[in-house]
Structures are given as C-alpha cells and as structure tokens.
Amino acid sequence: MKKILITGSNGQLGSSIKKLELEYPNSSFIYTDVADLDITNKDEVLDFFEKGGFTHAINCAAYTAVDKAEEEFELAKKINAIGPANMATAARKINCKFYHVSTDYVFDGKGHIPYKEEDACQPPSAYGKTKLIGEEMVSQVNEKALIIRTSWLYSEFGHNFMKSMLKYGKEREELRVVFDQIGTPTYATDLARAILDIINTEKNASENPVYHFSNEGVASWYDFALEIIQAAKLDCKVSPIESHEYPLPAPRPFYSVMNKAKIKKDFNVKIPHWRTSMLECLDILKPKN
Ligand SMILES: NC(=O)c1ccc[n+]([C@@H]2O[C@H](COP(=O)([O-])OP(=O)(O)OC[C@H]3O[C@@H](n4cnc5c(N)ncnc54)[C@H](OP(=O)(O)O)[C@@H]3O)[C@@H](O)[C@H]2O)c1
C-alpha cells in the first residue's frame, strides 16, 4: 500500500488529486496545506516525514501570484524554492519518492519550437526565477526527485483564467485578451492523473528526472478565451490585443509551448487535447438545472 503525502492540497492541483483519490484504491492519501504543514519550516517538515512514513510525496504547495512575486521575491523564493528543498531533503532521508511541480515560466519565451526539458532556462519574471531556483535546489539535495513542469493550469477549483473568463463573459460586452502569448492550457485534473499514474506504474524516471506535462495542442490566451466563451454560449465579444496593450507587472514568455515526448515515452502517459479537457471542466462548472 502506498502512503502519499500531498502538500498545498487546498490549491488547484491538490484539490484535483483529492477528486481522483477513489481511482487509486492501492494508495492512502494524507492531505496538508499551510495550516497543517508549512513547507518552509524545515524542522517541521523533517519531523512530519519521519513520523508519517510516507512512500511518496507530491508537492502542490507554491507561491503562484505571478505579478505579486515581482515585489515579494523573497517570500516567493521561500515557498517555491526553500520549501520544496526541505521536502526533497526530508523525502530522501526516509526513502520516500518526491514529486515536485514547476512551470513553463522558467523559459524566456523567445523560442518558436516546443521547449524540451534540457533547453536553457532564463525566466523573465521573479516567479519564474523562484521556480527555477526551486528546481535546482530540489535536484541538488535529492537527485531522484521527479520535477514536472506544467503550464497555464486551470480547474474547477480556486481562481484561474477559465473561471475569470466565465465570470467576465457574463458581466461584460467585450473581453480583450492577448493573442501574442502562445502556450498550452492544462486542466489540473489531467496533471493530477498523470502524476498519480506515474506513481502507479512504478517505472523509474530517467537520469535527468525533469519532465514536461501540459495538455496537447497550442493556443494563445485569446484562443483559449474565445473557446471558453463560445463553448459556454455567452453573449460576449472576444477581441485579440497585444501584450503591450495590457501591461502587467511581471513579464511573461511570449512562447512557452512544451515538448512532452519524454513523459509519454518514459511513462506512457495519455494526454487529452486542451479543447477536450476545457469542455470537461466547463461541464463541471456550468450551472446544473
Ligand atoms: N496556476 C498556474 O497557472 C500554474 C502554471 C504552471 C505551473 N504551476 C505550478 O503548479 C503547481 C500547482 O499550482 P496550483 O495552481 O495548484 O497552485 P495554487 O492553487 O496556488 O495552490 C497552492 C497551494 O499552496 C499553499 N501554500 C502556500 N504557501 C504554503 C506553504 N508555505 N506551505 C504549504 N502550503 C502552502 C497555498 O495556500 P494559500 O492559498 O493559503 O497561499 C495553496 O493552497 C505549483 O507548483 C505551480 O507553481 C501553476
């Protein structure tokens, strides 16, 4: 029987893992968030792992306020780098497999071919920098830790782009959305299932255990917004704009599509297209009669 610790479990990814729990009867799940286990507190983390005897730990805890991170670099670093390193150290000590989640925002976004795991990282934002430091610190203290980079996460839980579009699409006549940032939306349920399936396969990761996971396909935020509004049958115009017309504190990569060949090859992970998953999430979010 696997004993899996989930940290940051009230967030989008953690909640999505909870949703899938019953599909994995060979595992018991222990859910914590900052009130139960603050991952930045090293002693607490070491103690929690030693007493818990977990076989696997998935870190869903993060500082994800991309724009705020420009002003709160140290806090973001503490949560996105020191915390994960604490978990990676504690996991290694008790021989527990550790799974950490990172982001496409580690790339500078100047490319035009889907990024591979070994491509150079040069994050333009403070958030991306803290996540990259997190990856490096985790790998340093625990070379077997598996790091999965994902992108544009949305779900029926918490705050995210899809929920904002549905809200504003009902309230406004027009939504102006950037069309010059290209990436791939990822339904948190699909990421959660991929991680749990990887754990279930019991296959070993490659020597450089960094992997990319997003849904299939490519979109701009404009395309994503348009699909959401049309699928939800909302009477709202969606217009494409350039990033400079919607300035934000944190710079975003213009292109952050990730190549997922490695995760598919090593773990035989099946990945739905982003449109298919968007419709699945919409179906959960739409008001029921
Ligand atoms: N969201 C995206 O678009 C996106 C894109 C690419 C990659 N990712 C990565 O995917 C992962 C999951 O993201 P998500 O969207 O599920 O994040 P999320 O919804 O923001 O959830 C993060 C959770 O971590 C908790 N947390 C914060 N500080 C903590 C601490 N010190 N100790 C324990 N828990 C703490 C948060 O609690 P509070 O809410 O109380 O702070 C929250 O419940 C993260 O690693 C993120 O960087 C996300």
# chains A, B, ... in the order shown; residues from 1 in each chain; ligands from 1
$ residues_around --residues "Lys265 of chain A" --least-positions-apart "2" --cutoff "12 Å" --atoms "only C-alpha atoms" --output "MDAnalysis selection string"
chainID A and resid 198 203 205:206 211:212 259:263 267:270
$ closest_atom_pairs --of "chain A" --to "ligand 1" --cutoff "9 Å" --atoms "only C-alpha atoms and all ligand atoms" --output "tab-separated table"
residue	atom	partner	partner_atom_place_in_ligand_line	distance
A:Thr7	CA	ligand 1	33 (C)	5.9
A:Gly8	CA	ligand 1	24 (O)	3.6
A:Ser9	CA	ligand 1	43 (O)	5.8
A:Asn10	CA	ligand 1	43 (O)	4.1
A:Gly11	CA	ligand 1	21 (O)	3.2
A:Gln12	CA	ligand 1	16 (O)	3.5
A:Leu13	CA	ligand 1	16 (O)	3.8
A:Gly14	CA	ligand 1	16 (O)	6.1
A:Ser15	CA	ligand 1	16 (O)	7.7
A:Ser16	CA	ligand 1	16 (O)	8.4
A:Thr32	CA	ligand 1	33 (C)	7.3
A:Asp33	CA	ligand 1	34 (N)	4.5
A:Val34	CA	ligand 1	33 (C)	3.6
A:Ala35	CA	ligand 1	33 (C)	7.3
A:Asp36	CA	ligand 1	33 (C)	7.8
A:Leu37	CA	ligand 1	33 (C)	5.8
A:Asp38	CA	ligand 1	32 (N)	3.6
A:Ile39	CA	ligand 1	32 (N)	4.2
A:Thr40	CA	ligand 1	31 (N)	5.1
A:Asn41	CA	ligand 1	31 (N)	7.8
A:Asn59	CA	ligand 1	45 (O)	7.2
A:Cys60	CA	ligand 1	12 (C)	4.9
A:Ala61	CA	ligand 1	24 (O)	3.3
A:Ala62	CA	ligand 1	24 (O)	4.5
A:Tyr63	CA	ligand 1	27 (C)	5.5
A:Thr64	CA	ligand 1	20 (O)	4.8
A:Ala65	CA	ligand 1	20 (O)	7.3
A:Val66	CA	ligand 1	2 (C)	8.9
A:Ala76	CA	ligand 1	28 (N)	8.8
A:Lys78	CA	ligand 1	31 (N)	7.7
A:Ile79	CA	ligand 1	31 (N)	5.2
A:Asn80	CA	ligand 1	47 (O)	7.3
A:Gly83	CA	ligand 1	31 (N)	6.7
A:His100	CA	ligand 1	45 (O)	7.1
A:Val101	CA	ligand 1	45 (O)	4.4
A:Ser102	CA	ligand 1	45 (O)	5.0
A:Thr103	CA	ligand 1	7 (C)	3.9
A:Asp104	CA	ligand 1	6 (C)	6.1
A:Tyr105	CA	ligand 1	6 (C)	7.1
A:Tyr127	CA	ligand 1	47 (O)	8.4
A:Gly128	CA	ligand 1	47 (O)	8.7
A:Lys131	CA	ligand 1	47 (O)	6.9
A:Ile148	CA	ligand 1	10 (O)	8.7
A:Arg149	CA	ligand 1	7 (C)	6.4
A:Thr150	CA	ligand 1	6 (C)	4.7
A:Ser151	CA	ligand 1	6 (C)	3.9
A:Trp152	CA	ligand 1	3 (O)	4.1
A:Leu153	CA	ligand 1	3 (O)	3.8
A:Tyr154	CA	ligand 1	3 (O)	6.4
A:Ser155	CA	ligand 1	15 (O)	8.6
A:Phe157	CA	ligand 1	19 (O)	7.7
A:Gly158	CA	ligand 1	19 (O)	6.1
A:His159	CA	ligand 1	19 (O)	7.3
A:Asn160	CA	ligand 1	1 (N)	7.0
A:Phe161	CA	ligand 1	3 (O)	8.1
A:Pro185	CA	ligand 1	3 (O)	8.4
A:Thr186	CA	ligand 1	5 (C)	8.1
A:Ala188	CA	ligand 1	16 (O)	7.3
$ select_by_dssp --residues "segment 23-189 of chain A" --states "alpha helix (DSSP H)" --output "CSV table (one decimal) with all heavy atoms, in the first residue's frame"
chain,number,residue,atom,x,y,z
A,42,LYS,N,11.7,24.0,8.0
A,42,LYS,CA,12.5,22.7,7.8
A,42,LYS,C,12.3,21.7,8.9
A,42,LYS,O,12.1,20.5,8.6
A,42,LYS,CB,14.0,23.1,7.6
A,42,LYS,CG,14.8,21.9,7.2
A,42,LYS,CD,16.2,22.3,6.8
A,42,LYS,CE,16.9,21.1,6.2
A,42,LYS,NZ,18.3,21.4,5.8
A,43,ASP,N,12.4,22.1,10.1
A,43,ASP,CA,12.3,21.2,11.2
A,43,ASP,C,10.9,20.5,11.2
A,43,ASP,O,10.8,19.2,11.4
A,43,ASP,CB,12.5,21.9,12.6
A,43,ASP,CG,13.9,22.3,12.7
A,43,ASP,OD1,14.8,21.8,12.0
A,43,ASP,OD2,14.2,23.3,13.5
A,44,GLU,N,9.9,21.3,11.0
A,44,GLU,CA,8.5,20.7,10.9
A,44,GLU,C,8.4,19.7,9.8
A,44,GLU,O,7.8,18.7,10.0
A,44,GLU,CB,7.6,21.9,10.7
A,44,GLU,CG,6.2,21.8,11.3
A,44,GLU,CD,5.3,23.0,11.0
A,44,GLU,OE1,5.5,24.1,11.5
A,44,GLU,OE2,4.4,22.8,10.1
A,45,VAL,N,9.0,20.0,8.7
A,45,VAL,CA,8.9,19.2,7.5
A,45,VAL,C,9.6,17.8,7.8
A,45,VAL,O,9.1,16.7,7.6
A,45,VAL,CB,9.5,19.8,6.2
A,45,VAL,CG1,9.6,18.9,5.1
A,45,VAL,CG2,8.6,21.0,5.8
A,46,LEU,N,10.9,18.0,8.3
A,46,LEU,CA,11.7,16.7,8.6
A,46,LEU,C,10.9,15.8,9.6
A,46,LEU,O,10.8,14.6,9.4
A,46,LEU,CB,13.0,17.1,9.2
A,46,LEU,CG,14.0,17.7,8.2
A,46,LEU,CD1,15.2,18.3,9.0
A,46,LEU,CD2,14.4,16.7,7.2
A,47,ASP,N,10.4,16.5,10.7
A,47,ASP,CA,9.6,15.7,11.7
A,47,ASP,C,8.4,15.1,11.1
A,47,ASP,O,8.1,13.9,11.3
A,47,ASP,CB,9.2,16.8,12.8
A,47,ASP,CG,8.7,16.1,14.0
A,47,ASP,OD1,9.4,15.2,14.5
A,47,ASP,OD2,7.6,16.4,14.5
A,48,PHE,N,7.7,15.8,10.2
A,48,PHE,CA,6.4,15.3,9.6
A,48,PHE,C,6.7,14.1,8.8
A,48,PHE,O,6.0,13.1,8.8
A,48,PHE,CB,5.8,16.4,8.8
A,48,PHE,CG,4.3,16.2,8.5
A,48,PHE,CD1,3.4,16.7,9.5
A,48,PHE,CD2,3.9,15.6,7.4
A,48,PHE,CE1,2.0,16.5,9.2
A,48,PHE,CE2,2.5,15.4,7.1
A,48,PHE,CZ,1.6,15.9,8.1
A,49,PHE,N,7.8,14.1,8.0
A,49,PHE,CA,8.1,13.0,7.2
A,49,PHE,C,8.6,11.8,8.0
A,49,PHE,O,8.2,10.7,7.7
A,49,PHE,CB,9.3,13.4,6.2
A,49,PHE,CG,8.8,14.0,4.9
A,49,PHE,CD1,8.2,15.3,4.8
A,49,PHE,CD2,8.8,13.2,3.7
A,49,PHE,CE1,7.8,15.8,3.6
A,49,PHE,CE2,8.3,13.8,2.5
A,49,PHE,CZ,7.8,15.1,2.5
A,50,GLU,N,9.3,12.1,9.0
A,50,GLU,CA,9.8,11.0,9.8
A,50,GLU,C,8.7,10.2,10.5
A,50,GLU,O,8.6,9.0,10.6
A,50,GLU,CB,10.9,11.4,10.9
A,50,GLU,CG,12.3,11.2,10.3
A,50,GLU,CD,13.3,12.0,11.0
A,50,GLU,OE1,13.2,12.3,12.2
A,50,GLU,OE2,14.3,12.3,10.3
A,51,LYS,N,7.7,11.0,11.1
A,51,LYS,CA,6.6,10.4,11.8
A,51,LYS,C,5.6,9.8,10.8
A,51,LYS,O,4.9,8.8,11.1
A,51,LYS,CB,5.9,11.5,12.6
A,51,LYS,CG,6.7,11.9,13.9
A,51,LYS,CD,5.9,12.7,14.8
A,51,LYS,CE,6.7,13.1,16.0
A,51,LYS,NZ,6.7,14.5,16.4
A,52,GLY,N,5.5,10.4,9.6
A,52,GLY,CA,4.5,10.0,8.6
A,52,GLY,C,4.8,8.7,7.9
A,52,GLY,O,3.9,8.0,7.5
A,73,PHE,N,9.7,38.9,-3.9
A,73,PHE,CA,10.7,37.9,-4.4
A,73,PHE,C,11.1,36.9,-3.3
A,73,PHE,O,11.1,35.7,-3.4
A,73,PHE,CB,11.9,38.5,-5.0
A,73,PHE,CG,12.9,37.5,-5.6
A,73,PHE,CD1,12.7,37.0,-6.9
A,73,PHE,CD2,13.9,37.1,-4.9
A,73,PHE,CE1,13.5,36.0,-7.4
A,73,PHE,CE2,14.8,36.1,-5.4
A,73,PHE,CZ,14.6,35.6,-6.7
A,74,GLU,N,11.4,37.5,-2.1
A,74,GLU,CA,12.0,36.7,-1.0
A,74,GLU,C,10.9,35.7,-0.5
A,74,GLU,O,11.2,34.5,-0.2
A,74,GLU,CB,12.5,37.5,0.1
A,74,GLU,CG,13.9,38.2,-0.2
A,74,GLU,CD,14.9,37.2,-0.7
A,74,GLU,OE1,15.0,36.1,-0.2
A,74,GLU,OE2,15.7,37.6,-1.7
A,75,LEU,N,9.7,36.2,-0.4
A,75,LEU,CA,8.6,35.3,0.1
A,75,LEU,C,8.4,34.2,-0.9
A,75,LEU,O,8.2,33.0,-0.6
A,75,LEU,CB,7.3,36.1,0.4
A,75,LEU,CG,6.1,35.3,0.8
A,75,LEU,CD1,6.3,34.5,2.1
A,75,LEU,CD2,4.8,36.2,0.9
A,76,ALA,N,8.3,34.6,-2.2
A,76,ALA,CA,8.1,33.6,-3.3
A,76,ALA,C,9.2,32.6,-3.3
A,76,ALA,O,8.9,31.4,-3.5
A,76,ALA,CB,8.0,34.4,-4.6
A,77,LYS,N,10.4,33.1,-3.1
A,77,LYS,CA,11.6,32.1,-3.1
A,77,LYS,C,11.5,31.1,-2.0
A,77,LYS,O,11.8,29.9,-2.1
A,77,LYS,CB,12.9,32.9,-3.1
A,77,LYS,CG,14.1,32.1,-3.2
A,77,LYS,CD,15.4,32.9,-3.2
A,77,LYS,CE,16.5,32.2,-2.6
A,77,LYS,NZ,17.6,33.0,-2.3
A,83,GLY,N,11.1,25.8,0.5
A,83,GLY,CA,10.1,24.8,0.9
A,83,GLY,C,10.3,23.4,0.2
A,83,GLY,O,10.4,22.4,0.8
A,84,PRO,N,10.3,23.5,-1.2
A,84,PRO,CA,10.5,22.2,-1.9
A,84,PRO,C,11.8,21.5,-1.6
A,84,PRO,O,11.8,20.3,-1.5
A,84,PRO,CB,10.5,22.7,-3.4
A,84,PRO,CG,9.6,24.0,-3.4
A,84,PRO,CD,9.9,24.6,-2.0
A,85,ALA,N,12.8,22.3,-1.3
A,85,ALA,CA,14.1,21.7,-1.0
A,85,ALA,C,14.0,21.0,0.4
A,85,ALA,O,14.6,20.0,0.6
A,85,ALA,CB,15.2,22.8,-0.9
A,86,ASN,N,13.3,21.6,1.3
A,86,ASN,CA,13.0,21.0,2.6
A,86,ASN,C,12.3,19.6,2.4
A,86,ASN,O,12.7,18.6,3.0
A,86,ASN,CB,12.1,21.9,3.5
A,86,ASN,CG,12.8,23.1,4.0
A,86,ASN,OD1,14.0,23.2,4.0
A,86,ASN,ND2,12.0,24.1,4.4
A,87,MET,N,11.3,19.6,1.6
A,87,MET,CA,10.6,18.4,1.3
A,87,MET,C,11.5,17.4,0.6
A,87,MET,O,11.5,16.2,1.0
A,87,MET,CB,9.4,18.7,0.4
A,87,MET,CG,8.2,19.4,1.2
A,87,MET,SD,6.8,19.5,0.1
A,87,MET,CE,6.3,17.8,0.0
A,88,ALA,N,12.3,17.8,-0.3
A,88,ALA,CA,13.2,16.9,-1.0
A,88,ALA,C,14.2,16.3,-0.1
A,88,ALA,O,14.5,15.1,-0.2
A,88,ALA,CB,13.9,17.6,-2.2
A,89,THR,N,14.7,17.1,0.9
A,89,THR,CA,15.7,16.5,1.8
A,89,THR,C,15.0,15.5,2.8
A,89,THR,O,15.5,14.4,3.0
A,89,THR,CB,16.2,17.7,2.7
A,89,THR,OG1,16.7,18.7,1.8
A,89,THR,CG2,17.3,17.3,3.7
A,90,ALA,N,13.8,15.9,3.2
A,90,ALA,CA,13.1,15.0,4.2
A,90,ALA,C,12.7,13.7,3.5
A,90,ALA,O,12.8,12.6,4.1
A,90,ALA,CB,11.8,15.7,4.7
A,91,ALA,N,12.3,13.8,2.2
A,91,ALA,CA,11.9,12.6,1.5
A,91,ALA,C,13.1,11.7,1.3
A,91,ALA,O,13.0,10.5,1.5
A,91,ALA,CB,11.3,13.0,0.1
A,92,ARG,N,14.2,12.2,0.9
A,92,ARG,CA,15.4,11.4,0.7
A,92,ARG,C,15.8,10.7,2.0
A,92,ARG,O,16.1,9.5,2.0
A,92,ARG,CB,16.6,12.3,0.3
A,92,ARG,CG,17.8,11.5,-0.3
A,92,ARG,CD,19.0,12.3,-0.3
A,92,ARG,NE,19.4,12.7,1.1
A,92,ARG,CZ,20.0,13.8,1.4
A,92,ARG,NH1,20.2,14.8,0.5
A,92,ARG,NH2,20.3,14.1,2.7
A,93,LYS,N,15.7,11.4,3.2
A,93,LYS,CA,16.0,10.8,4.4
A,93,LYS,C,15.2,9.5,4.8
A,93,LYS,O,15.7,8.6,5.4
A,93,LYS,CB,15.8,11.8,5.6
A,93,LYS,CG,17.0,12.7,5.7
A,93,LYS,CD,16.9,13.4,7.1
A,93,LYS,CE,18.2,14.1,7.3
A,93,LYS,NZ,18.2,14.9,8.5
A,126,ALA,N,10.1,37.3,-11.8
A,126,ALA,CA,10.5,36.9,-10.5
A,126,ALA,C,9.9,35.5,-10.1
A,126,ALA,O,10.7,34.6,-9.6
A,126,ALA,CB,10.1,37.9,-9.5
A,127,TYR,N,8.7,35.3,-10.4
A,127,TYR,CA,8.0,34.0,-10.2
A,127,TYR,C,8.8,32.9,-10.8
A,127,TYR,O,9.2,31.9,-10.2
A,127,TYR,CB,6.6,34.0,-10.6
A,127,TYR,CG,5.9,32.7,-10.7
A,127,TYR,CD1,5.5,32.0,-9.6
A,127,TYR,CD2,5.7,32.1,-12.0
A,127,TYR,CE1,4.9,30.8,-9.7
A,127,TYR,CE2,5.1,30.8,-12.1
A,127,TYR,CZ,4.7,30.2,-11.0
A,127,TYR,OH,4.1,28.9,-11.1
A,128,GLY,N,9.1,33.1,-12.1
A,128,GLY,CA,9.8,32.0,-12.9
A,128,GLY,C,11.2,31.8,-12.3
A,128,GLY,O,11.7,30.7,-12.2
A,129,LYS,N,11.8,32.9,-11.8
A,129,LYS,CA,13.2,32.7,-11.2
A,129,LYS,C,13.1,31.9,-10.0
A,129,LYS,O,13.9,31.0,-9.7
A,129,LYS,CB,13.8,34.1,-10.9
A,129,LYS,CG,14.2,34.9,-12.1
A,129,LYS,CD,15.0,36.2,-11.7
A,129,LYS,CE,15.4,37.0,-12.9
A,129,LYS,NZ,14.5,37.9,-13.5
A,130,THR,N,12.1,32.2,-9.1
A,130,THR,CA,12.0,31.4,-7.9
A,130,THR,C,11.7,29.9,-8.1
A,130,THR,O,12.1,29.1,-7.4
A,130,THR,CB,10.9,32.0,-6.9
A,130,THR,OG1,9.6,31.9,-7.5
A,130,THR,CG2,11.2,33.4,-6.6
A,131,LYS,N,10.9,29.7,-9.2
A,131,LYS,CA,10.6,28.3,-9.5
A,131,LYS,C,11.8,27.6,-10.0
A,131,LYS,O,12.0,26.4,-9.7
A,131,LYS,CB,9.4,28.2,-10.5
A,131,LYS,CG,8.1,28.7,-10.0
A,131,LYS,CD,7.4,27.8,-8.9
A,131,LYS,CE,7.0,26.5,-9.4
A,131,LYS,NZ,6.3,25.7,-8.3
A,132,LEU,N,12.6,28.3,-10.8
A,132,LEU,CA,13.8,27.7,-11.3
A,132,LEU,C,14.8,27.4,-10.2
A,132,LEU,O,15.4,26.3,-10.1
A,132,LEU,CB,14.5,28.6,-12.4
A,132,LEU,CG,15.8,28.0,-13.0
A,132,LEU,CD1,15.5,26.7,-13.7
A,132,LEU,CD2,16.4,29.0,-14.0
A,133,ILE,N,14.9,28.3,-9.3
A,133,ILE,CA,15.8,28.1,-8.1
A,133,ILE,C,15.3,26.9,-7.3
A,133,ILE,O,16.0,26.0,-6.9
A,133,ILE,CB,15.9,29.3,-7.2
A,133,ILE,CG1,16.5,30.5,-7.9
A,133,ILE,CG2,16.7,29.0,-5.9
A,133,ILE,CD1,16.3,31.9,-7.1
A,134,GLY,N,14.0,26.8,-7.3
A,134,GLY,CA,13.3,25.6,-6.6
A,134,GLY,C,13.8,24.3,-7.3
A,134,GLY,O,14.2,23.3,-6.6
A,135,GLU,N,13.7,24.3,-8.6
A,135,GLU,CA,14.1,23.1,-9.4
A,135,GLU,C,15.5,22.7,-9.0
A,135,GLU,O,15.9,21.5,-8.8
A,135,GLU,CB,14.0,23.3,-10.9
A,135,GLU,CG,12.6,23.4,-11.4
A,135,GLU,CD,12.7,23.5,-13.0
A,135,GLU,OE1,13.7,23.2,-13.6
A,135,GLU,OE2,11.6,23.8,-13.5
A,136,GLU,N,16.4,23.7,-9.1
A,136,GLU,CA,17.8,23.5,-8.8
A,136,GLU,C,18.1,23.0,-7.4
A,136,GLU,O,18.9,22.0,-7.2
A,136,GLU,CB,18.6,24.8,-9.1
A,136,GLU,CG,18.6,25.1,-10.6
A,136,GLU,CD,19.0,26.6,-10.8
A,136,GLU,OE1,19.2,27.4,-9.9
A,136,GLU,OE2,19.2,26.9,-12.0
A,137,MET,N,17.4,23.6,-6.4
A,137,MET,CA,17.7,23.2,-5.0
A,137,MET,C,17.2,21.8,-4.8
A,137,MET,O,17.8,21.0,-4.1
A,137,MET,CB,17.0,24.2,-4.1
A,137,MET,CG,17.7,25.6,-4.1
A,137,MET,SD,17.0,26.7,-2.9
A,137,MET,CE,17.5,26.0,-1.3
A,138,VAL,N,16.0,21.5,-5.4
A,138,VAL,CA,15.4,20.1,-5.2
A,138,VAL,C,16.4,19.1,-5.8
A,138,VAL,O,16.7,18.1,-5.1
A,138,VAL,CB,14.0,20.1,-5.8
A,138,VAL,CG1,13.6,18.6,-6.0
A,138,VAL,CG2,13.0,20.8,-5.0
A,139,SER,N,16.8,19.3,-7.0
A,139,SER,CA,17.7,18.4,-7.6
A,139,SER,C,19.1,18.2,-6.9
A,139,SER,O,19.6,17.1,-6.8
A,139,SER,CB,18.1,18.8,-9.1
A,139,SER,OG,16.9,19.1,-9.7
A,140,GLN,N,19.5,19.3,-6.3
A,140,GLN,CA,20.8,19.3,-5.6
A,140,GLN,C,20.7,18.3,-4.3
A,140,GLN,O,21.6,17.6,-4.1
A,140,GLN,CB,21.2,20.7,-5.1
A,140,GLN,CG,22.2,21.3,-6.0
A,140,GLN,CD,22.3,22.8,-5.7
A,140,GLN,OE1,22.0,23.2,-4.6
A,140,GLN,NE2,22.7,23.6,-6.7
A,141,VAL,N,19.6,18.5,-3.6
A,141,VAL,CA,19.5,17.7,-2.4
A,141,VAL,C,18.9,16.3,-2.6
A,141,VAL,O,19.0,15.4,-1.7
A,141,VAL,CB,18.7,18.4,-1.2
A,141,VAL,CG1,19.4,19.7,-0.8
A,141,VAL,CG2,17.3,18.7,-1.7
A,161,PHE,N,-7.8,31.4,-15.0
A,161,PHE,CA,-8.1,32.1,-16.2
A,161,PHE,C,-9.5,31.7,-16.7
A,161,PHE,O,-10.4,32.5,-17.0
A,161,PHE,CB,-7.1,31.9,-17.3
A,161,PHE,CG,-7.3,32.6,-18.6
A,161,PHE,CD1,-7.0,33.9,-18.7
A,161,PHE,CD2,-7.9,31.9,-19.6
A,161,PHE,CE1,-7.2,34.6,-19.9
A,161,PHE,CE2,-8.2,32.6,-20.8
A,161,PHE,CZ,-7.8,33.9,-21.0
A,162,MET,N,-9.8,30.4,-16.7
A,162,MET,CA,-11.1,29.9,-17.2
A,162,MET,C,-12.2,30.5,-16.4
A,162,MET,O,-13.2,30.9,-16.9
A,162,MET,CB,-11.1,28.4,-17.2
A,162,MET,CG,-12.4,27.8,-17.7
A,162,MET,SD,-12.2,26.2,-18.2
A,162,MET,CE,-13.9,25.8,-18.7
A,163,LYS,N,-12.1,30.4,-15.1
A,163,LYS,CA,-13.2,30.9,-14.2
A,163,LYS,C,-13.3,32.4,-14.4
A,163,LYS,O,-14.4,32.9,-14.4
A,163,LYS,CB,-12.9,30.5,-12.8
A,163,LYS,CG,-13.2,29.0,-12.6
A,163,LYS,CD,-12.8,28.5,-11.2
A,163,LYS,CE,-13.8,28.7,-10.2
A,163,LYS,NZ,-13.5,28.1,-8.9
A,164,SER,N,-12.2,33.2,-14.6
A,164,SER,CA,-12.3,34.6,-14.8
A,164,SER,C,-13.0,34.9,-16.1
A,164,SER,O,-13.9,35.8,-16.2
A,164,SER,CB,-10.9,35.3,-14.9
A,164,SER,OG,-10.2,35.0,-13.7
A,165,MET,N,-12.7,34.1,-17.2
A,165,MET,CA,-13.4,34.4,-18.5
A,165,MET,C,-14.9,34.1,-18.3
A,165,MET,O,-15.7,34.9,-18.9
A,165,MET,CB,-12.8,33.5,-19.6
A,165,MET,CG,-11.4,33.8,-20.0
A,165,MET,SD,-11.2,35.6,-20.5
A,165,MET,CE,-10.3,36.3,-19.1
A,166,LEU,N,-15.3,33.1,-17.6
A,166,LEU,CA,-16.7,32.7,-17.5
A,166,LEU,C,-17.4,33.8,-16.7
A,166,LEU,O,-18.5,34.3,-17.0
A,166,LEU,CB,-16.9,31.4,-16.8
A,166,LEU,CG,-16.5,30.2,-17.6
A,166,LEU,CD1,-16.5,28.9,-16.7
A,166,LEU,CD2,-17.4,30.0,-18.8
A,167,LYS,N,-16.7,34.4,-15.7
A,167,LYS,CA,-17.3,35.4,-14.8
A,167,LYS,C,-17.4,36.7,-15.7
A,167,LYS,O,-18.5,37.3,-15.8
A,167,LYS,CB,-16.4,35.7,-13.6
A,167,LYS,CG,-16.8,36.8,-12.7
A,167,LYS,CD,-15.9,36.8,-11.5
A,167,LYS,CE,-16.3,37.9,-10.5
A,167,LYS,NZ,-16.1,39.3,-10.9
A,168,TYR,N,-16.3,37.2,-16.3
A,168,TYR,CA,-16.4,38.4,-17.0
A,168,TYR,C,-17.2,38.3,-18.3
A,168,TYR,O,-17.8,39.3,-18.7
A,168,TYR,CB,-14.9,38.9,-17.3
A,168,TYR,CG,-14.1,39.2,-16.1
A,168,TYR,CD1,-12.8,38.8,-16.0
A,168,TYR,CD2,-14.7,39.9,-15.0
A,168,TYR,CE1,-12.1,39.0,-14.9
A,168,TYR,CE2,-13.9,40.2,-13.9
A,168,TYR,CZ,-12.6,39.8,-13.8
A,168,TYR,OH,-11.9,40.0,-12.7
A,169,GLY,N,-17.2,37.1,-18.8
A,169,GLY,CA,-18.0,36.9,-20.1
A,169,GLY,C,-19.5,37.1,-19.8
A,169,GLY,O,-20.3,37.4,-20.7
A,170,LYS,N,-19.9,36.9,-18.6
A,170,LYS,CA,-21.4,37.1,-18.2
A,170,LYS,C,-21.6,38.5,-17.9
A,170,LYS,O,-22.7,39.1,-18.1
A,170,LYS,CB,-21.7,36.3,-17.0
A,170,LYS,CG,-21.9,34.8,-17.3
A,170,LYS,CD,-22.2,34.0,-16.0
A,170,LYS,CE,-21.9,32.5,-16.2
A,170,LYS,NZ,-21.3,31.9,-15.1
A,171,GLU,N,-20.6,39.2,-17.4
A,171,GLU,CA,-20.8,40.6,-16.9
A,171,GLU,C,-20.5,41.7,-18.0
A,171,GLU,O,-21.0,42.8,-17.9
A,171,GLU,CB,-19.8,40.9,-15.8
A,171,GLU,CG,-20.1,40.1,-14.5
A,171,GLU,CD,-18.9,40.2,-13.5
A,171,GLU,OE1,-18.0,40.9,-13.7
A,171,GLU,OE2,-19.0,39.5,-12.5
A,188,ALA,N,-6.0,20.8,-14.5
A,188,ALA,CA,-5.3,20.3,-13.4
A,188,ALA,C,-5.7,18.8,-13.1
A,188,ALA,O,-4.9,18.1,-12.6
A,188,ALA,CB,-5.7,21.2,-12.1
A,189,THR,N,-6.9,18.4,-13.5
A,189,THR,CA,-7.3,17.0,-13.3
A,189,THR,C,-6.4,16.1,-14.2
A,189,THR,O,-6.0,15.0,-13.7
A,189,THR,CB,-8.8,16.8,-13.7
A,189,THR,OG1,-9.6,17.5,-12.8
A,189,THR,CG2,-9.2,15.3,-13.7
$ closest_residue --among "A:His112, A:Ser125, A:Pro249, A:Ala232" --to "Leu285 of chain A" --atoms "only C-alpha atoms"
A:Ala232
$ closest_residue --among "A:Lys110, A:Lys2, A:Lys19, A:Arg176" --to "Ile241 of chain A" --atoms "only C-alpha atoms"
A:Arg176
$ atom_distance --atom1 "atom CA of Leu196 of chain A" --atom2 "atom CA of Ser256 of chain A"
24.6 Å
$ closest_residue --among "A:Asn215, A:Asn208, A:Asn142, A:Thr55" --to "Ile271 of chain A" --atoms "only C-alpha atoms"
A:Asn215
$ atom_distance --atom1 "atom CA of Leu226 of chain A" --atom2 "atom CA of Leu248 of chain A"
21.0 Å
$ residues_around --residues "Ile199 of chain A" --least-positions-apart "4" --cutoff "12 Å" --atoms "only C-alpha atoms" --output "PyMOL selection string"
chain A and resi 1-4+24+26-27+55-58+96-99+146+192-195+203-205+267+269
$ closest_residue --among "A:Asp190, A:Asn95, A:Glu207, A:Pro253" --to "Tyr115 of chain A" --atoms "only C-alpha atoms"
A:Pro253
$ closest_residue --among "A:Ala250, A:Ile94, A:Ala225, A:Ile6" --to "Ile30 of chain A" --atoms "only C-alpha atoms"
A:Ile6
$ atom_distance --atom1 "atom CA of Val106 of chain A" --atom2 "atom CA of Pro124 of chain A"
7.7 Å
$ select_by_dssp --residues "segment 48-282 of chain A" --states "strand (DSSP E)" --output "PyMOL selection string"
chain A and resi 56-59+97-103+146-150+153-154+174-178+182-183+186-187+210-212+219-220+237-241
